[in-house]
Amino acid sequence: MTDIAITINGTAWEGTVEPRLSLADLIRGELTLTGTHLGCEHGVCGACNVEVDGVPMRSCLMPAAAADGCAITTIEGQYGEMAERLRAAFTTHHALQCGFCTSGMMATALDILRRGLGRDEATIRRELAGNICRCTGYQGIVAAILHVAQETTP
Amino acid sequence: MKFPAFDYARPAGLDAALDLLAGEAAVLSGGQSLSPMMGFRVARPEKLVDISRLSALRGAALEPDGTLVIGAAVTHAMIEDGALPGPLGGFLARVAGGIAYRAIRNRGTIGGSLCQADPAADWPCVMSLLDAVLVLRRAGGERQVPVRAFLLGHLMTAIEPGELLTVIRIPPQPGARFGMAKSTRKLGEFAEGIAAACLTPGAARVTLGALEVPPATLAVDPALVTGPQPARLTSSPLYAAVDAALKAADATDPAGYRHHLAVLTGCRALIEAAQP
């Protein structure tokens with residue numbers, strides 16, 4: 001067992017975890033933040049993407065013990081101007097159908113916008129390649145990211 | 001897939017890590033390959049030593065003679081974002097940006113990729129092209145191994161129990177221009193064909209990965225690389241030359257699709273290197 005201390009959506013959390021517990025299972029099980037989804041559980045689908053110290057990572061591929069000292073942001077903690085704009089744009093552009101991929105898509109989309117890569121469709125599609133939408137609703141997701149990038153770029 | 005049980009340690013310094021590795025322990029760097037392998041029970045390490053945050057392994061520098069020195073725990077994303085100084089930084093940033101997906105690149109490391117030694121991965125191919133030298137530390141000693149002697153085959157390297165890859169050293173490549181080409185079924189997946197090429201005023205060479213054997217570096221007549229190419233690359237003298245060189249290297253089934261793909265990506269990498 002390993003003692004860890006993390007910040008989860010701005011709140012400090014301390015606990016003891018088994019090394020084999022993934023960050024995703026800590027978030028969903030111990031912390032009951034079930035907005036983070038597990039799709040493939042081997043790093044392919046992107047549904048489990050969360051922000052670790054401000055950048056997206058696969059929470060299924062990371063032992064919770066390795067996140068000791070890190071600040072984790074899940075979909076439940078995604079507020080701020082860019083996240084609010086993105087939420088609204090997802091609604092406007094019908095960027096979610098079943099919603100399974102959405103929290104991972106949001107984590108990746110916010111990162112795309114923060115890195116200034118949301119201004120053309122080809123780049124967005126390249127950067128979204130690591131997130132799979134099982135409804136194949138990519139058109140709306142790409143349109144939502146493009147919309148926010150155009151809104152926020154002078 | 002849930003991980004099997006293992007013990008976890010995150011030592012504060014390099015010496016402590018080497019001491020732990022002297023016992024029965026495996027290295028955890030970014031874990032972007034090891035974690036799925038553990039999930040599938042292909043790998044079952046009893047103890048993992050997490051080296052991903054060791055500051056001694058997280059830097060990069062250019063030595064006075066032009067040698068580029070990269071810490072093994074530098075992530076693909078750091079390289080993509082311009083962490084490498086010197087004339088190779090731009091090319092290596094482009095290579096890093098083509099690895100998997102950003103969420104993987106934020107955690108995966110260059111040293112981890114080299115020690116994983118997947119023939120279809122980017123760094124084994126590119127570091128073979130650049131004649132990189134790997135520094136392997138153990139408690140009480142170190143040795144330097146050229147990457148071409150380090151990579152032994154599919155997921156096999158010359159690293160020994162107790163050793164840790166700490167530093168990648170890339171010799172200066174004066175006047176060189178570079179190219180890279182990949183063929184993947186889906187963007188971000190491991191490549192079915194991968195090639196990196198280097199063009200200098202008097203020579204051209206190309207390294208082909210995604211073979212059954214370690215990356216193969218082939219010399220090509222530079223006159224075939226510069227100048228216009230036919231619309232169908234497969235009918236070019238360049239294709240014939242790379243095809244012949246790969247057949248001579250005896251690394252593929254010459255009648256197979258993978259052979260064709262290796263030659264084709266090799267040509268594309270060489271042609272890119274020749275672009276002004």
# chains A, B, ... in the order shown; residues from 1 in each chain; ligands from 1
$ interface_residues --of "chain B" --to "chain A" --cutoff "10 Å" --atoms "only C-alpha atoms" --output "number ranges by chain"
B: 1-10, 28, 30-40, 47-48, 50, 52-53, 97-98, 100-108, 186-189
$ closest_residue --among "A:Gly118, A:Gly15, A:Gly35, A:Gly80" --to "A:Thr102" --atoms "only C-alpha atoms"
A:Gly35
$ select_by_dssp --residues "chain A" --states "strand (DSSP E)" --output "ChimeraX atom specification"
/A:2-8,11-17,49-52,55-58,71-73
$ atom_distance --atom1 "atom CA of B:Ala210" --atom2 "atom CA of B:Pro124"
9.8 Å
$ residues_around --residues "A:Leu146" --least-positions-apart "2" --cutoff "9 Å" --atoms "only C-alpha atoms" --output "list of chain:residue names"
A:Leu113, A:Gly118, A:Arg119, A:Asp120, A:Glu121, A:Ile124, A:Ile141, A:Val142, A:Ala143, A:Ala144, A:Val148, A:Ala149, A:Gln150, A:Glu151
$ write_last_selection --atoms "all heavy atoms" --output "mmCIF file, in the first residue's frame"
data_model
loop_
_atom_site.group_PDB
_atom_site.id
_atom_site.type_symbol
_atom_site.label_atom_id
_atom_site.label_comp_id
_atom_site.auth_asym_id
_atom_site.auth_seq_id
_atom_site.Cartn_x
_atom_site.Cartn_y
_atom_site.Cartn_z
ATOM 1 N N LEU A 113 -7.421 23.780 -27.550
ATOM 2 C CA LEU A 113 -7.676 25.217 -27.533
ATOM 3 C C LEU A 113 -6.568 25.978 -26.805
ATOM 4 O O LEU A 113 -6.102 27.017 -27.261
ATOM 5 C CB LEU A 113 -9.033 25.497 -26.880
ATOM 6 C CG LEU A 113 -10.238 25.037 -27.710
ATOM 7 C CD1 LEU A 113 -11.500 24.977 -26.858
ATOM 8 C CD2 LEU A 113 -10.448 25.960 -28.910
ATOM 9 N N GLY A 118 -6.784 25.147 -32.410
ATOM 10 C CA GLY A 118 -8.192 24.950 -32.771
ATOM 11 C C GLY A 118 -8.662 25.736 -33.973
ATOM 12 O O GLY A 118 -9.848 25.804 -34.247
ATOM 13 N N ARG A 119 -7.712 26.341 -34.717
ATOM 14 C CA ARG A 119 -8.160 27.288 -35.752
ATOM 15 C C ARG A 119 -8.439 26.651 -37.101
ATOM 16 O O ARG A 119 -9.034 27.275 -37.951
ATOM 17 C CB ARG A 119 -7.144 28.414 -35.907
ATOM 18 C CG ARG A 119 -7.138 29.313 -34.677
ATOM 19 C CD ARG A 119 -6.234 30.508 -34.832
ATOM 20 N NE ARG A 119 -5.765 30.897 -33.495
ATOM 21 C CZ ARG A 119 -4.519 30.785 -33.114
ATOM 22 N NH1 ARG A 119 -3.610 30.325 -33.929
ATOM 23 N NH2 ARG A 119 -4.162 31.143 -31.899
ATOM 24 N N ASP A 120 -7.945 25.444 -37.337
ATOM 25 C CA ASP A 120 -8.328 24.807 -38.605
ATOM 26 C C ASP A 120 -8.724 23.351 -38.375
ATOM 27 O O ASP A 120 -8.230 22.679 -37.478
ATOM 28 C CB ASP A 120 -7.224 24.946 -39.659
ATOM 29 C CG ASP A 120 -6.078 24.005 -39.410
ATOM 30 O OD1 ASP A 120 -5.216 24.346 -38.567
ATOM 31 O OD2 ASP A 120 -6.052 22.933 -40.024
ATOM 32 N N GLU A 121 -9.647 22.939 -39.242
ATOM 33 C CA GLU A 121 -10.299 21.650 -39.041
ATOM 34 C C GLU A 121 -9.319 20.478 -39.124
ATOM 35 O O GLU A 121 -9.397 19.536 -38.334
ATOM 36 C CB GLU A 121 -11.416 21.491 -40.079
ATOM 37 C CG GLU A 121 -12.231 20.254 -39.845
ATOM 38 C CD GLU A 121 -13.400 20.116 -40.810
ATOM 39 O OE1 GLU A 121 -13.941 21.134 -41.264
ATOM 40 O OE2 GLU A 121 -13.757 18.967 -41.098
ATOM 41 N N ILE A 124 -7.435 20.121 -35.895
ATOM 42 C CA ILE A 124 -8.310 19.610 -34.832
ATOM 43 C C ILE A 124 -8.488 18.100 -34.995
ATOM 44 O O ILE A 124 -8.359 17.337 -34.030
ATOM 45 C CB ILE A 124 -9.682 20.311 -34.864
ATOM 46 C CG1 ILE A 124 -9.522 21.795 -34.518
ATOM 47 C CG2 ILE A 124 -10.652 19.642 -33.889
ATOM 48 C CD1 ILE A 124 -10.803 22.601 -34.704
ATOM 49 N N ILE A 141 -18.258 17.491 -32.853
ATOM 50 C CA ILE A 141 -17.177 17.762 -31.893
ATOM 51 C C ILE A 141 -16.161 18.717 -32.504
ATOM 52 O O ILE A 141 -15.748 19.703 -31.881
ATOM 53 C CB ILE A 141 -16.506 16.438 -31.457
ATOM 54 C CG1 ILE A 141 -17.526 15.540 -30.735
ATOM 55 C CG2 ILE A 141 -15.304 16.710 -30.553
ATOM 56 C CD1 ILE A 141 -17.105 14.087 -30.595
ATOM 57 N N VAL A 142 -15.782 18.436 -33.761
ATOM 58 C CA VAL A 142 -14.827 19.306 -34.454
ATOM 59 C C VAL A 142 -15.424 20.704 -34.607
ATOM 60 O O VAL A 142 -14.749 21.718 -34.352
ATOM 61 C CB VAL A 142 -14.452 18.701 -35.831
ATOM 62 C CG1 VAL A 142 -13.622 19.684 -36.647
ATOM 63 C CG2 VAL A 142 -13.704 17.383 -35.657
ATOM 64 N N ALA A 143 -16.707 20.774 -34.981
ATOM 65 C CA ALA A 143 -17.362 22.077 -35.169
ATOM 66 C C ALA A 143 -17.398 22.869 -33.860
ATOM 67 O O ALA A 143 -17.190 24.092 -33.861
ATOM 68 C CB ALA A 143 -18.781 21.869 -35.707
ATOM 69 N N ALA A 144 -17.608 22.177 -32.747
ATOM 70 C CA ALA A 144 -17.667 22.858 -31.446
ATOM 71 C C ALA A 144 -16.315 23.453 -31.079
ATOM 72 O O ALA A 144 -16.227 24.596 -30.601
ATOM 73 C CB ALA A 144 -18.127 21.878 -30.366
ATOM 74 N N VAL A 148 -15.342 27.540 -30.706
ATOM 75 C CA VAL A 148 -14.743 28.195 -29.535
ATOM 76 C C VAL A 148 -13.434 28.881 -29.919
ATOM 77 O O VAL A 148 -13.138 29.996 -29.464
ATOM 78 C CB VAL A 148 -14.519 27.188 -28.394
ATOM 79 C CG1 VAL A 148 -13.814 27.853 -27.217
ATOM 80 C CG2 VAL A 148 -15.843 26.591 -27.944
ATOM 81 N N ALA A 149 -12.646 28.224 -30.798
ATOM 82 C CA ALA A 149 -11.375 28.828 -31.214
ATOM 83 C C ALA A 149 -11.625 30.143 -31.937
ATOM 84 O O ALA A 149 -10.924 31.133 -31.723
ATOM 85 C CB ALA A 149 -10.602 27.858 -32.108
ATOM 86 N N GLN A 150 -12.653 30.168 -32.794
ATOM 87 C CA GLN A 150 -12.954 31.397 -33.541
ATOM 88 C C GLN A 150 -13.499 32.474 -32.616
ATOM 89 O O GLN A 150 -13.213 33.652 -32.775
ATOM 90 C CB GLN A 150 -13.950 31.086 -34.666
ATOM 91 C CG GLN A 150 -13.275 30.355 -35.819
ATOM 92 C CD GLN A 150 -14.257 29.717 -36.789
ATOM 93 O OE1 GLN A 150 -15.459 29.656 -36.521
ATOM 94 N NE2 GLN A 150 -13.738 29.225 -37.902
ATOM 95 N N GLU A 151 -14.285 32.033 -31.626
ATOM 96 C CA GLU A 151 -14.863 32.958 -30.642
ATOM 97 C C GLU A 151 -13.782 33.643 -29.804
ATOM 98 O O GLU A 151 -13.915 34.802 -29.440
ATOM 99 C CB GLU A 151 -15.731 32.136 -29.688
ATOM 100 C CG GLU A 151 -17.135 32.610 -29.520
ATOM 101 C CD GLU A 151 -17.898 31.645 -28.612
ATOM 102 O OE1 GLU A 151 -17.284 30.978 -27.749
ATOM 103 O OE2 GLU A 151 -19.097 31.575 -28.780
#
$ residues_around --residues "stretch 112-122 of chain B" --least-positions-apart "5" --cutoff "10 Å" --atoms "only C-alpha atoms" --output "ChimeraX atom specification"
/B:27-34,52,72-76,95-96,98-100,127,134,147,150-159,164-165,168,180,182,189-196,208-215
$ residues_around --residues "B:Gly66" --least-positions-apart "3" --cutoff "8 Å" --atoms "only C-alpha atoms" --output "PyMOL selection string"
chain B and resi 62-63+86+171-172
$ closest_residue --among "A:Leu110, A:Ile145, A:Ala67, A:Cys48" --to "A:Phe90" --atoms "only C-alpha atoms"
A:Ile145
$ atom_distance --atom1 "atom CA of B:Ala12" --atom2 "atom CA of B:Glu142"
19.9 Å
$ select_by_dssp --residues "stretch 40-85 of chain B" --states "helix (DSSP H, G or I)" --output "list of chain:residue names"
B:Ser55, B:Ala56, B:Leu57, B:His76, B:Ala77, B:Met78, B:Ile79, B:Glu80
$ atom_distance --atom1 "atom CA of A:Gly116" --atom2 "atom CA of B:Asp81"
12.7 Å
$ residues_around --residues "stretch 261-268 of chain B" --least-positions-apart "2" --cutoff "6 Å" --atoms "only C-alpha atoms" --output "mmCIF file with N, CA and C atoms, in the first residue's frame"
data_model
loop_
_atom_site.group_PDB
_atom_site.id
_atom_site.type_symbol
_atom_site.label_atom_id
_atom_site.label_comp_id
_atom_site.auth_asym_id
_atom_site.auth_seq_id
_atom_site.Cartn_x
_atom_site.Cartn_y
_atom_site.Cartn_z
ATOM 1 N N ALA B 181 9.031 9.595 -42.621
ATOM 2 C CA ALA B 181 7.764 9.169 -43.232
ATOM 3 C C ALA B 181 7.223 7.967 -42.472
ATOM 4 N N GLY B 193 4.789 1.016 -41.655
ATOM 5 C CA GLY B 193 6.033 1.375 -42.324
ATOM 6 C C GLY B 193 6.546 2.658 -41.707
ATOM 7 N N ALA B 195 10.182 5.304 -41.584
ATOM 8 C CA ALA B 195 11.532 5.547 -42.086
ATOM 9 C C ALA B 195 11.979 6.944 -41.715
ATOM 10 N N VAL B 242 16.580 1.635 -53.129
ATOM 11 C CA VAL B 242 16.243 1.293 -51.734
ATOM 12 C C VAL B 242 15.781 -0.161 -51.662
ATOM 13 N N ASP B 243 15.016 -0.575 -52.669
ATOM 14 C CA ASP B 243 14.544 -1.965 -52.754
ATOM 15 C C ASP B 243 15.732 -2.935 -52.770
ATOM 16 N N ARG B 258 4.975 -5.671 -46.438
ATOM 17 C CA ARG B 258 5.789 -4.888 -45.507
ATOM 18 C C ARG B 258 7.102 -4.431 -46.152
ATOM 19 N N HIS B 259 7.645 -5.283 -47.011
ATOM 20 C CA HIS B 259 8.874 -4.910 -47.717
ATOM 21 C C HIS B 259 8.597 -3.690 -48.598
ATOM 22 N N LEU B 270 13.504 10.064 -47.667
ATOM 23 C CA LEU B 270 14.670 10.596 -48.378
ATOM 24 C C LEU B 270 14.291 11.824 -49.199
ATOM 25 N N ILE B 271 13.149 11.745 -49.876
ATOM 26 C CA ILE B 271 12.709 12.868 -50.709
ATOM 27 C C ILE B 271 12.414 14.090 -49.831
#
$ decode --residues "stretch 81-96 of chain B" --atoms "N, CA, C and O atoms" --output "PDB file, in the first residue's frame"
ATOM      1  N   ASP B  81       7.433  20.259 -27.813  1.00  0.00           N
ATOM      2  CA  ASP B  81       7.290  21.675 -27.476  1.00  0.00           C
ATOM      3  C   ASP B  81       8.618  22.434 -27.500  1.00  0.00           C
ATOM      4  O   ASP B  81       8.681  23.586 -27.069  1.00  0.00           O
ATOM      5  N   GLY B  82       9.684  21.785 -27.988  1.00  0.00           N
ATOM      6  CA  GLY B  82      10.931  22.518 -28.210  1.00  0.00           C
ATOM      7  C   GLY B  82      11.952  22.452 -27.099  1.00  0.00           C
ATOM      8  O   GLY B  82      12.778  23.353 -26.965  1.00  0.00           O
ATOM      9  N   ALA B  83      11.942  21.370 -26.291  1.00  0.00           N
ATOM     10  CA  ALA B  83      12.875  21.277 -25.165  1.00  0.00           C
ATOM     11  C   ALA B  83      14.310  20.999 -25.605  1.00  0.00           C
ATOM     12  O   ALA B  83      15.232  21.163 -24.813  1.00  0.00           O
ATOM     13  N   LEU B  84      14.505  20.541 -26.843  1.00  0.00           N
ATOM     14  CA  LEU B  84      15.858  20.154 -27.263  1.00  0.00           C
ATOM     15  C   LEU B  84      16.559  21.318 -27.955  1.00  0.00           C
ATOM     16  O   LEU B  84      16.077  21.822 -28.974  1.00  0.00           O
ATOM     17  N   PRO B  85      17.713  21.747 -27.429  1.00  0.00           N
ATOM     18  CA  PRO B  85      18.452  22.843 -28.053  1.00  0.00           C
ATOM     19  C   PRO B  85      19.235  22.359 -29.268  1.00  0.00           C
ATOM     20  O   PRO B  85      19.446  21.155 -29.447  1.00  0.00           O
ATOM     21  N   GLY B  86      19.661  23.310 -30.099  1.00  0.00           N
ATOM     22  CA  GLY B  86      20.566  22.984 -31.194  1.00  0.00           C
ATOM     23  C   GLY B  86      19.854  22.658 -32.490  1.00  0.00           C
ATOM     24  O   GLY B  86      18.629  22.642 -32.562  1.00  0.00           O
ATOM     25  N   PRO B  87      20.656  22.379 -33.537  1.00  0.00           N
ATOM     26  CA  PRO B  87      20.096  22.224 -34.884  1.00  0.00           C
ATOM     27  C   PRO B  87      19.185  21.004 -35.059  1.00  0.00           C
ATOM     28  O   PRO B  87      18.374  20.967 -35.986  1.00  0.00           O
ATOM     29  N   LEU B  88      19.286  20.003 -34.198  1.00  0.00           N
ATOM     30  CA  LEU B  88      18.435  18.820 -34.334  1.00  0.00           C
ATOM     31  C   LEU B  88      17.062  19.014 -33.691  1.00  0.00           C
ATOM     32  O   LEU B  88      16.147  18.216 -33.916  1.00  0.00           O
ATOM     33  N   GLY B  89      16.938  20.061 -32.863  1.00  0.00           N
ATOM     34  CA  GLY B  89      15.720  20.248 -32.078  1.00  0.00           C
ATOM     35  C   GLY B  89      14.446  20.290 -32.912  1.00  0.00           C
ATOM     36  O   GLY B  89      13.434  19.710 -32.538  1.00  0.00           O
ATOM     37  N   GLY B  90      14.521  20.975 -34.064  1.00  0.00           N
ATOM     38  CA  GLY B  90      13.333  21.121 -34.904  1.00  0.00           C
ATOM     39  C   GLY B  90      12.879  19.785 -35.477  1.00  0.00           C
ATOM     40  O   GLY B  90      11.692  19.442 -35.431  1.00  0.00           O
ATOM     41  N   PHE B  91      13.829  19.014 -36.009  1.00  0.00           N
ATOM     42  CA  PHE B  91      13.479  17.708 -36.578  1.00  0.00           C
ATOM     43  C   PHE B  91      12.938  16.768 -35.496  1.00  0.00           C
ATOM     44  O   PHE B  91      11.903  16.106 -35.682  1.00  0.00           O
ATOM     45  N   LEU B  92      13.614  16.756 -34.356  1.00  0.00           N
ATOM     46  CA  LEU B  92      13.177  15.838 -33.295  1.00  0.00           C
ATOM     47  C   LEU B  92      11.827  16.272 -32.712  1.00  0.00           C
ATOM     48  O   LEU B  92      11.040  15.424 -32.276  1.00  0.00           O
ATOM     49  N   ALA B  93      11.545  17.582 -32.722  1.00  0.00           N
ATOM     50  CA  ALA B  93      10.227  18.055 -32.280  1.00  0.00           C
ATOM     51  C   ALA B  93       9.147  17.518 -33.207  1.00  0.00           C
ATOM     52  O   ALA B  93       8.070  17.105 -32.771  1.00  0.00           O
ATOM     53  N   ARG B  94       9.443  17.503 -34.498  1.00  0.00           N
ATOM     54  CA  ARG B  94       8.476  16.993 -35.467  1.00  0.00           C
ATOM     55  C   ARG B  94       8.259  15.493 -35.281  1.00  0.00           C
ATOM     56  O   ARG B  94       7.135  14.997 -35.332  1.00  0.00           O
ATOM     57  N   VAL B  95       9.356  14.779 -35.047  1.00  0.00           N
ATOM     58  CA  VAL B  95       9.237  13.333 -34.803  1.00  0.00           C
ATOM     59  C   VAL B  95       8.359  13.093 -33.569  1.00  0.00           C
ATOM     60  O   VAL B  95       7.413  12.295 -33.595  1.00  0.00           O
ATOM     61  N   ALA B  96       8.657  13.819 -32.485  1.00  0.00           N
ATOM     62  CA  ALA B  96       7.925  13.620 -31.231  1.00  0.00           C
ATOM     63  C   ALA B  96       6.438  13.916 -31.413  1.00  0.00           C
ATOM     64  O   ALA B  96       5.580  13.200 -30.892  1.00  0.00           O
TER      65      ALA B  96
END
